[in-house]
Structure formats: C-alpha cells, structure tokens
Amino acid sequence: YGGACVWYSLYDFPKFYAAAIPLMGYFPHCNLLGFDVKRFETENIWIGHAENDKVVLIQDDEKMFEILSSNGYNVKMSRYKKYGHNMSGIFLRKEKWKSWLFVQKRQS
C-alpha cells in the first residue's frame, strides 16, 4: 500500500513534504464530494504506474494526474505499457528520480 499511503499522507499533511513519488497508488478520495484539490497545490509530485497493473489499477493515478495538471500544479507521470505491479523496480532503475527529488523545495 505504499503508493496509496503517499497519496493519503500528502492529502492529510499539506505543505509538509517537498516532494513525493507515489508508485502504483490509488486514492479514491479524488472521486468523493468534498475532495479538496487545493491540498496538493504546493506539492511536487511524480506519479508512476503501469497500464497493465492488475493489482492496483491505473485509473486513480491517471485521474489524480489529470486533476493536478489541469490545475497547473507541479506533477508529472511516468506510464509504462508493461511490467504490471512490478514496475517500481523499472522506475527506480531507469528514471532520474533522485536528481528530480533532491532539487525540490518545500513551498509555503
């Protein structure tokens, strides 16, 4: 539940993190009445998910990417066509996540 915990922690503690990388997450709050997208406005977020993930479907991550990017927030997404729920190893080896993560600053 690592990716989901990232989403919930970002939502519950806005402005606490400089950056976050939810991998294969789900966040059903984005479908609820009363969802407050402004809680993410100062966050730097890089989402990662595989389209063929059968354990955690990509829909919530896609929806969060659409919501956040349409509001002009600092969000990016790496989508993989394959690798399923094992994509985290590919993401961690192939993406430049460390150089991205450690230059992010917490915004107020």
# chains A, B, ... in the order shown; residues from 1 in each chain; ligands from 1
$ residues_around --residues "range 94-100 of chain A" --least-positions-apart "6" --cutoff "9 Å" --atoms "only C-alpha atoms" --output "number ranges by chain"
A: 21, 46, 78
$ residues_around --residues "range 32-39 of chain A" --least-positions-apart "3" --cutoff "10 Å" --atoms "only C-alpha atoms" --output "number ranges by chain"
A: 10-15, 28-29, 42-43, 64, 67-68, 71, 73
$ residues_around --residues "Glu51 in chain A" --least-positions-apart "6" --cutoff "8 Å" --atoms "only C-alpha atoms" --output "compact mmCIF listing (two decimals) with N, CA, C and O atoms, in the first residue's frame"
# COMPACT_ATOMS: atom_id res chain seq x y z
N LEU A 57 -5.19 -0.86 -10.14
CA LEU A 57 -5.48 -0.31 -11.46
C LEU A 57 -5.00 1.13 -11.57
O LEU A 57 -4.94 1.86 -10.58
N ILE A 58 -4.66 1.55 -12.77
CA ILE A 58 -4.05 2.85 -13.02
C ILE A 58 -5.04 4.02 -12.95
O ILE A 58 -4.63 5.18 -12.86
N ARG A 79 4.22 6.58 -17.32
CA ARG A 79 3.33 5.44 -17.60
C ARG A 79 4.13 4.38 -18.33
O ARG A 79 4.89 4.69 -19.24
N TYR A 80 3.91 3.15 -17.94
CA TYR A 80 4.55 2.03 -18.62
C TYR A 80 3.46 1.15 -19.20
O TYR A 80 2.46 0.89 -18.55
N LYS A 81 3.65 0.69 -20.42
CA LYS A 81 2.67 -0.20 -21.04
C LYS A 81 2.73 -1.59 -20.42
O LYS A 81 1.72 -2.28 -20.35
N LYS A 82 3.91 -2.01 -19.99
CA LYS A 82 4.07 -3.34 -19.42
C LYS A 82 4.68 -3.25 -18.02
O LYS A 82 4.73 -2.16 -17.46
N GLY A 84 3.43 -4.47 -15.23
CA GLY A 84 2.42 -4.74 -14.20
C GLY A 84 2.74 -4.11 -12.86
O GLY A 84 3.25 -2.99 -12.79
$ residues_around --residues "Val75 in chain A" --least-positions-apart "5" --cutoff "8 Å" --atoms "only C-alpha atoms" --output "list in words"
Asn44, Ile45, Trp46, Ile47, Phe65, Leu68 and Ser69 of chain A
$ write_last_selection --atoms "N, CA and C atoms" --output "mmCIF file, in the first residue's frame"
data_model
loop_
_atom_site.group_PDB
_atom_site.id
_atom_site.type_symbol
_atom_site.label_atom_id
_atom_site.label_comp_id
_atom_site.auth_asym_id
_atom_site.auth_seq_id
_atom_site.Cartn_x
_atom_site.Cartn_y
_atom_site.Cartn_z
ATOM 1 N N ASN A 44 5.159 18.844 -5.017
ATOM 2 C CA ASN A 44 5.871 18.411 -6.223
ATOM 3 C C ASN A 44 5.709 16.901 -6.287
ATOM 4 N N ILE A 45 5.026 16.413 -7.326
ATOM 5 C CA ILE A 45 4.626 15.009 -7.361
ATOM 6 C C ILE A 45 5.019 14.373 -8.688
ATOM 7 N N TRP A 46 5.616 13.183 -8.596
ATOM 8 C CA TRP A 46 5.941 12.377 -9.774
ATOM 9 C C TRP A 46 5.244 11.031 -9.593
ATOM 10 N N ILE A 47 4.253 10.779 -10.405
ATOM 11 C CA ILE A 47 3.449 9.557 -10.345
ATOM 12 C C ILE A 47 4.060 8.507 -11.271
ATOM 13 N N PHE A 65 -3.460 12.666 -11.851
ATOM 14 C CA PHE A 65 -2.602 13.412 -12.774
ATOM 15 C C PHE A 65 -3.419 14.445 -13.548
ATOM 16 N N LEU A 68 -4.574 17.328 -11.098
ATOM 17 C CA LEU A 68 -3.479 18.193 -10.658
ATOM 18 C C LEU A 68 -2.890 18.992 -11.812
ATOM 19 N N SER A 69 -2.680 18.347 -12.947
ATOM 20 C CA SER A 69 -2.097 19.078 -14.086
ATOM 21 C C SER A 69 -3.072 20.111 -14.635
#
$ atom_distance --atom1 "CA of Gly72 in chain A" --atom2 "CA of Arg93 in chain A"
28.4 Å
$ select_by_dssp --residues "range 29-83 of chain A" --states "alpha helix (DSSP H)" --output "list of chain:residue names"
A:Gln59, A:Asp60, A:Asp61, A:Glu62, A:Lys63, A:Met64, A:Phe65, A:Glu66, A:Ile67, A:Leu68, A:Ser69, A:Ser70
$ select_by_dssp --residues "range 3-56 of chain A" --states "strand (DSSP E)" --output "CSV table (one decimal) with C-alpha atoms, in the first residue's frame"
chain,number,residue,atom,x,y,z
A,44,ASN,CA,5.9,18.4,-6.2
A,45,ILE,CA,4.6,15.0,-7.4
A,46,TRP,CA,5.9,12.4,-9.8
A,47,ILE,CA,3.4,9.6,-10.3
A,48,GLY,CA,4.5,6.2,-11.7
A,49,HIS,CA,2.2,3.4,-12.8
A,50,ALA,CA,1.9,0.6,-15.4
$ atom_distance --atom1 "CA of Tyr1 in chain A" --atom2 "CA of Ile90 in chain A"
18.1 Å
$ atom_distance --atom1 "CA of Val6 in chain A" --atom2 "CA of Lys54 in chain A"
19.7 Å
$ residues_around --residues "Asp60 in chain A" --least-positions-apart "6" --cutoff "8 Å" --atoms "only C-alpha atoms" --output "compact mmCIF listing (two decimals) with C-alpha atoms, in the first residue's frame"
# COMPACT_ATOMS: atom_id res chain seq x y z
CA GLY A 25 -1.06 4.24 -5.87
CA TYR A 26 -4.77 4.57 -5.52
CA PHE A 27 -6.66 7.46 -3.97
CA PRO A 28 -10.44 7.04 -4.08
CA CYS A 30 -10.48 12.06 -5.69
$ closest_residue --among "A:Gly2, A:Leu23, A:Tyr17, A:Asn52" --to "Phe40 in chain A" --atoms "only C-alpha atoms"
A:Tyr17
$ closest_residue --among "A:Met24, A:Met77, A:Ala18, A:Val103" --to "Ala4 in chain A" --atoms "only C-alpha atoms"
A:Met24
